[in-house]
2 protein chains.
Amino acid sequence: MALNKAPYKGTRDFFPAEMRLRNFIFHKMAEVSEQYAYEPYDGPLLEEVELYLAKSGEELINDQIYSFIDRGDRKVAIRPEMTPTLARMVAQVHREVVKPIRMYAIPNLMRYEKPQKGRLREFWQYNADIFGAGVLGEMEIIQLSISLLKSFGANAAQFSIHINDRRLVDHIFHTMIGLDDASNKKLYKLVDRKNKMPAEKFATEVRTIIADEAKAKIFESYTALSTPEEIKNFVGETPILEIFKHVGDLGLSEYVKFDPSIVRGLDYYTGLVFEIFDKHPDNNRAIAGGGAYANLLQIFNEPSLEGVGIGLGEVPLTEFLKAHGLMPDHSKVSIDYLVAYIHPEAENMAMMFASNLRSKYGLKVEVMLGEAKPKKVFSYSEKKNVGSICFFGDEEVKGQSVRVKDVAARTEEILGLEEFYKKLGTE
Amino acid sequence: MALNKAPYKGTRDFFPAEMRLRNFIFHKMAEVSEQYAYEPYDGPLLEEVELYLAKSGEELINDQIYSFIDRGDRKVAIRPEMTPTLARMVAQVHREVVKPIRMYAIPNLMRYEKPQKGRLREFWQYNADIFGAGVLGEMEIIQLSISLLKSFGANAAQFSIHINDRRLVDHIFHTMIGLDDASNKKLYKLVDRKNKMPAEKFATEVRTIIADEAKAKIFESYTALSTPEEIKNFVGETPILEIFKHVGDLGLSEYVKFDPSIVRGLDYYTGLVFEIFDKHPDNNRAIAGGGAYANLLQIFNEPSLEGVGIGLGEVPLTEFLKAHGLMPDHSKVSIDYLVAYIHPEAENMAMMFASNLRSKYGLKVEVMLGEAKPKKVFSYSEKKNVGSICFFGDEEVKGQSVRVKDVAARTEEILGLEEFYKKLGTE
């Protein structure tokens with residue numbers, strides 16, 4: 001029976017056109033990260049499941065993780081997120097290395113999801129994190145996120161960063177409303193689903209957690225908060241106000257807004273939490289998220305070290321860039337020179353010529369393997385982005401020369417080989 | 001109980017120093033591949049196990065594959081090699097795309113191996129393949145492999161490509177010695193292990209497969225073959241002689257030698273087979289291998305299309321480069337400008353300055369978050385490769401200027417901000 005030609009459900013084959021797009025995106029991510037002095041890292045594809053049990057949250061563990069028992073009886077999982085791996089790595093070195101620690105990675109992750117628009121089972125996720133830098137680190141992650149999206153040509157009309165702060169939410173839920181830990185957790189989960197349910201249903205469910213009318217009003221006032229001034233009037237000084245001040249000083253206010261419905265599903269956040277929203281009417285969804293976590297190192301018996309990070313998946317980012325016409329065309333391969341020859345006798349001359357262009361000048365050179373007539377060479381060249389065609393026919397072999405056709409300019413000349421190399425060297 | 005800080009057995013944490021090394025290697029692989037007009041691709045991390053059952057060989061399937069049943073009852077495996085995925089992808093498109101098809105990838109693969117020097121459970125493997133180009137494609141893969149190693153600075157004294165050809169071996173084993181398919185397969189497996197056993201043991205085992213004395217002599221003559229002339233005298237015209245001719249024409253003879261003990265373990269090879277050997281006395285082992293396969297598309301019910309490829313793992317490549325002193329130092333991060341400030345009042349000026357350098361000039365700029373005295377800044381800068389330190393103290397804030405210290409030249413000057421930007425723009 002013939003085997004299936006399709007990729008495994010929820011995963012993708014990256015043919016060259018898609019792979020060039022992916023490379024374009026990953027190169028921008030690396031470039032902007034390194035402009036901020038973030039250093040590259042990576043971890044293993046597999047981790048012991050225990051690592052995720054500690055802090056990742058129930059949905060991820062129960063429904064989404066790809067886990068199995070290995071041949072040595074270890075319970076392992078294909079990484080569904082990168083932060084636990086990063087925390088494990090930082091736990092190994094944080095005593096010796098200079099702080100703050102700035103790291104970025106673009107790992108492939110897997111989650112057992114129902115494949116849908118912007119969501120797949122295998123995806124790559126940009127992660128940038130900074131450890132040991134407090135509120136200034138939270139600010140820098142926001143700043144870096146904005147720079148990254150701007151590097152693709154996006155602007156404040158196209159995306160917006162919705163921020164909140166678990167220190168603020170905890171203060172309101174615990175101290176002002178007086179919820180115990182269990183109710184607090186329930187309310188978090190409810191707020192996290194707020195935008196996925198009708199307003200009345202949300203209000204009803206709030207009352208099942210907060211019975212007291214006056215306290216429910218406090219919660220309602222919280223959900224109505226919008227500006228830093230309102231937050232200040234409601235709770236007094238709190239770290240998110242510092243973040244807003246820094247954001248304002250950096251001239252980035254138009255990108256950032258307070259959003260009380262952002263609390264994030266993962267259990268480990270303790271400070272800033274944020275999501276980046278696409279403002280396009282057809283694609284109005286979160287394309288990235290992140291936050292600050294103070295206690296992740298404790299699961300390794302290490303003292304706490306505050307960290308903050310962003311996770312940005314290439315799938316929603318690609319949807320975002322496409323929706324706003326920010327995705328360049330990568331459909332054809334680009335070649336500097338297409339080298340072809342008409343007779344077996346010219347083959348060796350053409351091969352050596354191509355070798356020289358590659359090794360001495362670093363050029364992208366395709367040799368048409370096998371003999372080819374000029375007409376065939378030209379029609380072949382139209383399927384690729386070819387700079388020039390270099391042809392070796394009878395005349396050229398005799399004259400130790402090459403016929404060079406500039407494809408864009410539609411000009412053709414015959415040059416001695418030495419002359420050609422000389423010209424190339426001075427360009 | 002505290003969680004384990006170590007990575008899963010046989011896998012690695014890539015801290016920035018190691019990751020920069022990995023990136024250095026991958027960038028060279030991509031660069032040289034694109035100089036040969038090979039196009040990038042990637043496939044899924046998971047494939048259905050069936051894909052490997054068809055052609056990958058028993059050892060891989062029985063002992064080395066990471067396979068499990070997914071939540072939808074599919075039997076899947078983490079990819080242990082890339083060629084079957086590539087064949088699956090090419091099977092989808094080969095009717096429409098222009099040939100030859102040239103592709104390269106650097107996927108992460110997993111095999112359940114006993115971790116040892118040069119061998120790990122998770123590793124990345126460079127793969128380059130060309131489809132539909134016959135013997136010239138086989139030549140090009142050899143040429144590309146040599147260019148890739150040369151791009152790292154390696155030379156013919158450091159590595160050597162040992163080649164053989166299954167068409168030649170099949171002709172000798174089947175036609176000249178007269179083995180049936182089962183014995184033929186046994187002899188292949190034995191030859192594949194030749195260099196891992198004493199010569200006498202090998203000779204004894206050969207006699208268990210080839211009982212006839214005259215035929216055993218033919219086999220002995222085969223194992224003594226060394227030059228193209230000897231091959232020609234032994235069997236007449238055969239494709240590997242064409243490969244040797246092309247290699248000679250390209251001036252690459254010093255890199256390539258015939259080796260009758262190379263047959264390769266994978267079942268799917270049908271033409272050229274090769275391994276690249278490190279010549280270093282302390283590390284004398286194969287660092288890469290590959291070959292030609294004509295029939296891989298048939299498992300998808302597609303007509304055959306000849307392909308040839310190389311697989312080069314980053315683990316043995318790294319050992320090779322280290323053994324020959326070809327690995328540059330990537331231990332420290334490189335930063336163009338380290339920006340620091342002494343007072344909270346200077347913070348905003350420093351931040352905006354850094355922002356400008358990044359977004360307008362594409363520079364790598366680290367801001368020291370929080371106030372810092374010049375002495376602290378200087379000692380911090382010594383832990384990284386810093387080009388210049390830009391400092392904002394009281395004076396600089398007042399004068400809208402910046403104090404710039406060139407770390408290598410040990411010079412310092414105070415420049416007006418406009419003056420500084422102007423200077424930067426003309427550099």
# chains A, B, ... in the order shown; residues from 1 in each chain; ligands from 1

call {"tool": "interface_residues", "arguments": {"of": "chain B", "to": "chain A", "cutoff": "6 Å", "atoms": "only C-alpha atoms", "output": "MDAnalysis selection string"}}
result
chainID B and resid 2:3 5 8 11:16 19 34:37 39:44 47 88 299:301 358 363:366

call {"tool": "residues_around", "arguments": {"residues": "Ala288 of chain B", "least_positions_apart": "5", "cutoff": "12 Å", "atoms": "only C-alpha atoms", "output": "mmCIF file with N, CA and C atoms, in the first residue's frame"}}
result
data_model
loop_
_atom_site.group_PDB
_atom_site.id
_atom_site.type_symbol
_atom_site.label_atom_id
_atom_site.label_comp_id
_atom_site.auth_asym_id
_atom_site.auth_seq_id
_atom_site.Cartn_x
_atom_site.Cartn_y
_atom_site.Cartn_z
ATOM 1 N N GLY B 118 30.930 12.208 20.295
ATOM 2 C CA GLY B 118 30.494 12.350 18.909
ATOM 3 C C GLY B 118 29.121 11.762 18.629
ATOM 4 N N GLN B 125 21.350 17.705 12.116
ATOM 5 C CA GLN B 125 22.048 17.104 10.987
ATOM 6 C C GLN B 125 21.817 17.926 9.734
ATOM 7 N N TYR B 126 22.913 18.367 9.136
ATOM 8 C CA TYR B 126 22.829 19.034 7.842
ATOM 9 C C TYR B 126 22.491 17.995 6.786
ATOM 10 N N ASN B 127 21.505 18.292 5.970
ATOM 11 C CA ASN B 127 21.108 17.421 4.862
ATOM 12 C C ASN B 127 21.075 18.237 3.576
ATOM 13 N N ALA B 128 21.755 17.770 2.537
ATOM 14 C CA ALA B 128 21.612 18.399 1.220
ATOM 15 C C ALA B 128 21.353 17.292 0.222
ATOM 16 N N ILE B 142 29.288 15.607 -3.868
ATOM 17 C CA ILE B 142 30.675 15.475 -3.387
ATOM 18 C C ILE B 142 31.362 16.846 -3.373
ATOM 19 N N SER B 145 30.036 18.981 -0.572
ATOM 20 C CA SER B 145 30.546 18.528 0.726
ATOM 21 C C SER B 145 31.960 19.051 0.965
ATOM 22 N N ILE B 146 32.770 18.998 -0.087
ATOM 23 C CA ILE B 146 34.153 19.488 0.032
ATOM 24 C C ILE B 146 34.143 21.000 0.282
ATOM 25 N N LEU B 148 31.864 22.768 1.659
ATOM 26 C CA LEU B 148 31.372 23.062 3.001
ATOM 27 C C LEU B 148 32.505 22.922 4.019
ATOM 28 N N LEU B 149 33.239 21.812 3.967
ATOM 29 C CA LEU B 149 34.327 21.632 4.935
ATOM 30 C C LEU B 149 35.440 22.652 4.715
ATOM 31 N N PHE B 159 40.728 15.922 6.076
ATOM 32 C CA PHE B 159 39.578 15.040 5.850
ATOM 33 C C PHE B 159 39.682 14.395 4.475
ATOM 34 N N SER B 160 38.926 13.350 4.295
ATOM 35 C CA SER B 160 38.976 12.625 3.037
ATOM 36 C C SER B 160 37.611 11.964 2.814
ATOM 37 N N ILE B 161 37.161 11.977 1.569
ATOM 38 C CA ILE B 161 35.862 11.381 1.246
ATOM 39 C C ILE B 161 36.086 9.992 0.659
ATOM 40 N N HIS B 162 35.590 8.996 1.362
ATOM 41 C CA HIS B 162 35.725 7.615 0.894
ATOM 42 C C HIS B 162 34.456 7.246 0.134
ATOM 43 N N ILE B 163 34.609 6.864 -1.119
ATOM 44 C CA ILE B 163 33.412 6.571 -1.911
ATOM 45 C C ILE B 163 33.385 5.127 -2.389
ATOM 46 N N ARG B 264 27.384 1.522 3.649
ATOM 47 C CA ARG B 264 26.322 2.263 4.353
ATOM 48 C C ARG B 264 25.191 1.333 4.817
ATOM 49 N N VAL B 273 27.749 5.665 -2.671
ATOM 50 C CA VAL B 273 27.693 5.749 -1.206
ATOM 51 C C VAL B 273 29.029 6.324 -0.747
ATOM 52 N N PHE B 274 28.991 7.146 0.309
ATOM 53 C CA PHE B 274 30.265 7.734 0.759
ATOM 54 C C PHE B 274 30.238 8.080 2.235
ATOM 55 N N GLU B 275 31.426 8.175 2.791
ATOM 56 C CA GLU B 275 31.585 8.682 4.150
ATOM 57 C C GLU B 275 32.758 9.641 4.153
ATOM 58 N N ILE B 276 32.654 10.665 4.994
ATOM 59 C CA ILE B 276 33.763 11.616 5.094
ATOM 60 C C ILE B 276 34.510 11.315 6.383
ATOM 61 N N PHE B 277 35.802 11.075 6.265
ATOM 62 C CA PHE B 277 36.612 10.700 7.429
ATOM 63 C C PHE B 277 37.497 11.838 7.898
ATOM 64 N N ASP B 278 37.524 11.974 9.208
ATOM 65 C CA ASP B 278 38.481 12.863 9.843
ATOM 66 C C ASP B 278 39.826 12.140 9.819
ATOM 67 N N GLY B 309 22.220 12.442 -1.652
ATOM 68 C CA GLY B 309 22.320 13.407 -0.567
ATOM 69 C C GLY B 309 23.451 13.134 0.384
ATOM 70 N N ILE B 310 23.740 14.161 1.193
ATOM 71 C CA ILE B 310 24.710 14.031 2.276
ATOM 72 C C ILE B 310 24.032 14.347 3.597
ATOM 73 N N GLY B 311 24.399 13.626 4.649
ATOM 74 C CA GLY B 311 23.967 13.935 6.003
ATOM 75 C C GLY B 311 25.208 14.181 6.853
ATOM 76 N N LEU B 312 25.266 15.344 7.482
ATOM 77 C CA LEU B 312 26.447 15.720 8.282
ATOM 78 C C LEU B 312 25.962 16.201 9.641
ATOM 79 N N GLY B 313 26.278 15.480 10.698
ATOM 80 C CA GLY B 313 25.819 15.855 12.033
ATOM 81 C C GLY B 313 26.684 16.952 12.641
ATOM 82 N N GLU B 314 26.034 17.848 13.404
ATOM 83 C CA GLU B 314 26.832 18.927 14.013
ATOM 84 C C GLU B 314 27.721 18.407 15.138
ATOM 85 N N VAL B 315 27.385 17.260 15.739
ATOM 86 C CA VAL B 315 28.218 16.756 16.838
ATOM 87 C C VAL B 315 29.579 16.277 16.318
ATOM 88 N N PRO B 316 29.613 15.339 15.344
ATOM 89 C CA PRO B 316 30.931 14.956 14.821
ATOM 90 C C PRO B 316 31.646 16.102 14.107
ATOM 91 N N LEU B 317 30.887 16.998 13.442
ATOM 92 C CA LEU B 317 31.538 18.139 12.783
ATOM 93 C C LEU B 317 32.255 19.008 13.812
ATOM 94 N N THR B 318 31.594 19.254 14.940
ATOM 95 C CA THR B 318 32.198 20.079 15.988
ATOM 96 C C THR B 318 33.464 19.416 16.524
ATOM 97 N N PHE B 320 35.372 17.401 14.897
ATOM 98 C CA PHE B 320 36.356 17.544 13.809
ATOM 99 C C PHE B 320 36.998 18.932 13.844
#

call {"tool": "select_by_dssp", "arguments": {"residues": "segment 144-275 of chain A", "states": "helix (DSSP H, G or I)", "output": "ChimeraX atom specification"}}
result
/A:144-151,166-176,181-192,194-196,199-209,213-223,228-235,239-249,253-255

call {"tool": "select_by_dssp", "arguments": {"residues": "segment 288-390 of chain A", "states": "strand (DSSP E or B)", "output": "MDAnalysis selection string"}}
result
chainID A and resid 288:293 307:313 334:341 365:367 385:390

call {"tool": "write_last_selection", "arguments": {"atoms": "N, CA and C atoms", "output": "mmCIF file, in the first residue's frame"}}
result
data_model
loop_
_atom_site.group_PDB
_atom_site.id
_atom_site.type_symbol
_atom_site.label_atom_id
_atom_site.label_comp_id
_atom_site.auth_asym_id
_atom_site.auth_seq_id
_atom_site.Cartn_x
_atom_site.Cartn_y
_atom_site.Cartn_z
ATOM 1 N N ALA A 288 0.700 37.308 20.705
ATOM 2 C CA ALA A 288 1.840 37.030 21.590
ATOM 3 C C ALA A 288 1.415 37.319 23.013
ATOM 4 N N GLY A 289 2.199 36.805 23.947
ATOM 5 C CA GLY A 289 1.899 37.071 25.339
ATOM 6 C C GLY A 289 3.138 36.842 26.184
ATOM 7 N N GLY A 290 3.021 37.278 27.433
ATOM 8 C CA GLY A 290 4.162 37.068 28.311
ATOM 9 C C GLY A 290 3.902 37.648 29.678
ATOM 10 N N GLY A 291 4.958 37.716 30.452
ATOM 11 C CA GLY A 291 4.807 38.255 31.786
ATOM 12 C C GLY A 291 6.020 38.003 32.648
ATOM 13 N N ALA A 292 5.874 38.422 33.909
ATOM 14 C CA ALA A 292 6.976 38.326 34.863
ATOM 15 C C ALA A 292 6.705 37.213 35.862
ATOM 16 N N TYR A 293 7.757 36.489 36.210
ATOM 17 C CA TYR A 293 7.638 35.353 37.130
ATOM 18 C C TYR A 293 8.811 35.435 38.102
ATOM 19 N N GLY A 307 12.192 37.080 36.763
ATOM 20 C CA GLY A 307 12.356 37.015 35.324
ATOM 21 C C GLY A 307 11.119 37.574 34.640
ATOM 22 N N VAL A 308 11.293 37.992 33.387
ATOM 23 C CA VAL A 308 10.133 38.428 32.606
ATOM 24 C C VAL A 308 10.396 38.089 31.151
ATOM 25 N N GLY A 309 9.360 37.643 30.454
ATOM 26 C CA GLY A 309 9.596 37.210 29.085
ATOM 27 C C GLY A 309 8.397 37.377 28.176
ATOM 28 N N ILE A 310 8.684 37.273 26.883
ATOM 29 C CA ILE A 310 7.629 37.275 25.867
ATOM 30 C C ILE A 310 7.714 35.976 25.077
ATOM 31 N N GLY A 311 6.558 35.442 24.700
ATOM 32 C CA GLY A 311 6.479 34.315 23.778
ATOM 33 C C GLY A 311 5.654 34.733 22.572
ATOM 34 N N LEU A 312 6.227 34.602 21.386
ATOM 35 C CA LEU A 312 5.554 35.035 20.150
ATOM 36 C C LEU A 312 5.639 33.893 19.150
ATOM 37 N N GLY A 313 4.508 33.316 18.803
ATOM 38 C CA GLY A 313 4.497 32.189 17.873
ATOM 39 C C GLY A 313 4.602 32.652 16.431
ATOM 40 N N SER A 334 16.641 33.081 -5.193
ATOM 41 C CA SER A 334 17.481 34.101 -5.826
ATOM 42 C C SER A 334 18.868 33.537 -6.109
ATOM 43 N N ILE A 335 19.293 33.708 -7.340
ATOM 44 C CA ILE A 335 20.596 33.196 -7.771
ATOM 45 C C ILE A 335 21.344 34.327 -8.441
ATOM 46 N N ASP A 336 22.611 34.519 -8.079
ATOM 47 C CA ASP A 336 23.386 35.583 -8.715
ATOM 48 C C ASP A 336 23.709 35.227 -10.164
ATOM 49 N N TYR A 337 24.232 34.016 -10.365
ATOM 50 C CA TYR A 337 24.604 33.596 -11.719
ATOM 51 C C TYR A 337 24.064 32.204 -12.029
ATOM 52 N N LEU A 338 23.442 32.078 -13.180
ATOM 53 C CA LEU A 338 23.087 30.759 -13.697
ATOM 54 C C LEU A 338 24.116 30.420 -14.774
ATOM 55 N N VAL A 339 24.852 29.348 -14.554
ATOM 56 C CA VAL A 339 25.933 28.979 -15.471
ATOM 57 C C VAL A 339 25.490 27.774 -16.306
ATOM 58 N N ALA A 340 25.658 27.876 -17.631
ATOM 59 C CA ALA A 340 25.228 26.778 -18.505
ATOM 60 C C ALA A 340 26.238 26.568 -19.616
ATOM 61 N N TYR A 341 26.178 25.388 -20.248
ATOM 62 C CA TYR A 341 27.145 25.052 -21.304
ATOM 63 C C TYR A 341 26.463 24.206 -22.367
ATOM 64 N N VAL A 365 25.538 30.551 -7.159
ATOM 65 C CA VAL A 365 25.723 30.144 -8.546
ATOM 66 C C VAL A 365 25.097 28.783 -8.781
ATOM 67 N N GLU A 366 24.174 28.709 -9.716
ATOM 68 C CA GLU A 366 23.643 27.410 -10.104
ATOM 69 C C GLU A 366 24.243 26.993 -11.425
ATOM 70 N N VAL A 367 24.738 25.761 -11.489
ATOM 71 C CA VAL A 367 25.173 25.199 -12.765
ATOM 72 C C VAL A 367 24.028 24.366 -13.325
ATOM 73 N N ASN A 385 14.742 33.787 -9.607
ATOM 74 C CA ASN A 385 15.256 35.159 -9.666
ATOM 75 C C ASN A 385 16.736 35.111 -10.005
ATOM 76 N N VAL A 386 17.046 35.174 -11.297
ATOM 77 C CA VAL A 386 18.435 35.048 -11.725
ATOM 78 C C VAL A 386 18.988 36.433 -12.036
ATOM 79 N N GLY A 387 20.160 36.757 -11.492
ATOM 80 C CA GLY A 387 20.813 38.033 -11.801
ATOM 81 C C GLY A 387 21.352 38.018 -13.223
ATOM 82 N N SER A 388 22.288 37.109 -13.492
ATOM 83 C CA SER A 388 22.874 37.008 -14.827
ATOM 84 C C SER A 388 22.993 35.550 -15.252
ATOM 85 N N ILE A 389 22.951 35.353 -16.572
ATOM 86 C CA ILE A 389 23.203 34.020 -17.135
ATOM 87 C C ILE A 389 24.597 34.026 -17.742
ATOM 88 N N CYS A 390 25.408 33.031 -17.386
ATOM 89 C CA CYS A 390 26.743 32.903 -17.983
ATOM 90 C C CYS A 390 26.737 31.666 -18.866
#

call {"tool": "atom_distance", "arguments": {"atom1": "atom CA of Met139 of chain A", "atom2": "atom CA of Glu237 of chain A"}}
result
17.1 Å

call {"tool": "atom_distance", "arguments": {"atom1": "atom CA of Asp165 of chain B", "atom2": "atom CA of Leu272 of chain B"}}
result
4.2 Å

call {"tool": "atom_distance", "arguments": {"atom1": "atom CA of Asp170 of chain B", "atom2": "atom CA of Lys245 of chain B"}}
result
21.3 Å

call {"tool": "residues_around", "arguments": {"residues": "segment 191-206 of chain A", "least_positions_apart": "6", "cutoff": "12 Å", "atoms": "only C-alpha atoms", "output": "ChimeraX atom specification"}}
result
/A:164,169,173,183-185,212-213,215-220,222-223,259-267,273-275,284-286

call {"tool": "write_last_selection", "arguments": {"atoms": "C-alpha atoms", "output": "PDB file, in the first residue's frame"}}
result
ATOM      1  CA  ASN A 164      -1.956  44.107  33.477  1.00  0.00           C
ATOM      2  CA  VAL A 169      -4.827  41.903  40.608  1.00  0.00           C
ATOM      3  CA  PHE A 173      -8.726  40.136  44.749  1.00  0.00           C
ATOM      4  CA  SER A 183     -11.667  31.582  45.119  1.00  0.00           C
ATOM      5  CA  ASN A 184      -8.842  33.798  43.904  1.00  0.00           C
ATOM      6  CA  LYS A 185      -7.718  31.067  41.513  1.00  0.00           C
ATOM      7  CA  ASP A 212     -21.211  39.823  48.740  1.00  0.00           C
ATOM      8  CA  GLU A 213     -22.762  42.718  46.763  1.00  0.00           C
ATOM      9  CA  LYS A 215     -17.356  43.203  47.077  1.00  0.00           C
ATOM     10  CA  ALA A 216     -18.792  42.373  43.683  1.00  0.00           C
ATOM     11  CA  LYS A 217     -18.951  46.129  43.060  1.00  0.00           C
ATOM     12  CA  ILE A 218     -15.240  46.387  43.832  1.00  0.00           C
ATOM     13  CA  PHE A 219     -14.639  43.716  41.192  1.00  0.00           C
ATOM     14  CA  GLU A 220     -16.798  45.630  38.720  1.00  0.00           C
ATOM     15  CA  TYR A 222     -11.645  46.803  38.701  1.00  0.00           C
ATOM     16  CA  THR A 223     -12.937  45.601  35.336  1.00  0.00           C
ATOM     17  CA  ASP A 259      -6.506  45.750  30.109  1.00  0.00           C
ATOM     18  CA  PRO A 260      -8.027  44.257  33.288  1.00  0.00           C
ATOM     19  CA  SER A 261      -9.145  41.141  31.382  1.00  0.00           C
ATOM     20  CA  ILE A 262      -5.533  40.050  30.745  1.00  0.00           C
ATOM     21  CA  VAL A 263      -4.395  37.690  33.509  1.00  0.00           C
ATOM     22  CA  ARG A 264      -2.788  34.837  31.442  1.00  0.00           C
ATOM     23  CA  GLY A 265      -3.439  31.155  31.976  1.00  0.00           C
ATOM     24  CA  LEU A 266      -0.021  29.990  33.129  1.00  0.00           C
ATOM     25  CA  ASP A 267       0.350  29.556  36.876  1.00  0.00           C
ATOM     26  CA  VAL A 273       1.271  40.102  32.297  1.00  0.00           C
ATOM     27  CA  PHE A 274       0.577  41.134  28.708  1.00  0.00           C
ATOM     28  CA  GLU A 275      -0.800  40.122  25.362  1.00  0.00           C
ATOM     29  CA  ASN A 284      -8.565  40.596  16.013  1.00  0.00           C
ATOM     30  CA  ARG A 285      -6.749  38.200  18.315  1.00  0.00           C
ATOM     31  CA  ALA A 286      -3.724  37.892  20.573  1.00  0.00           C
TER      32      ALA A 286
END
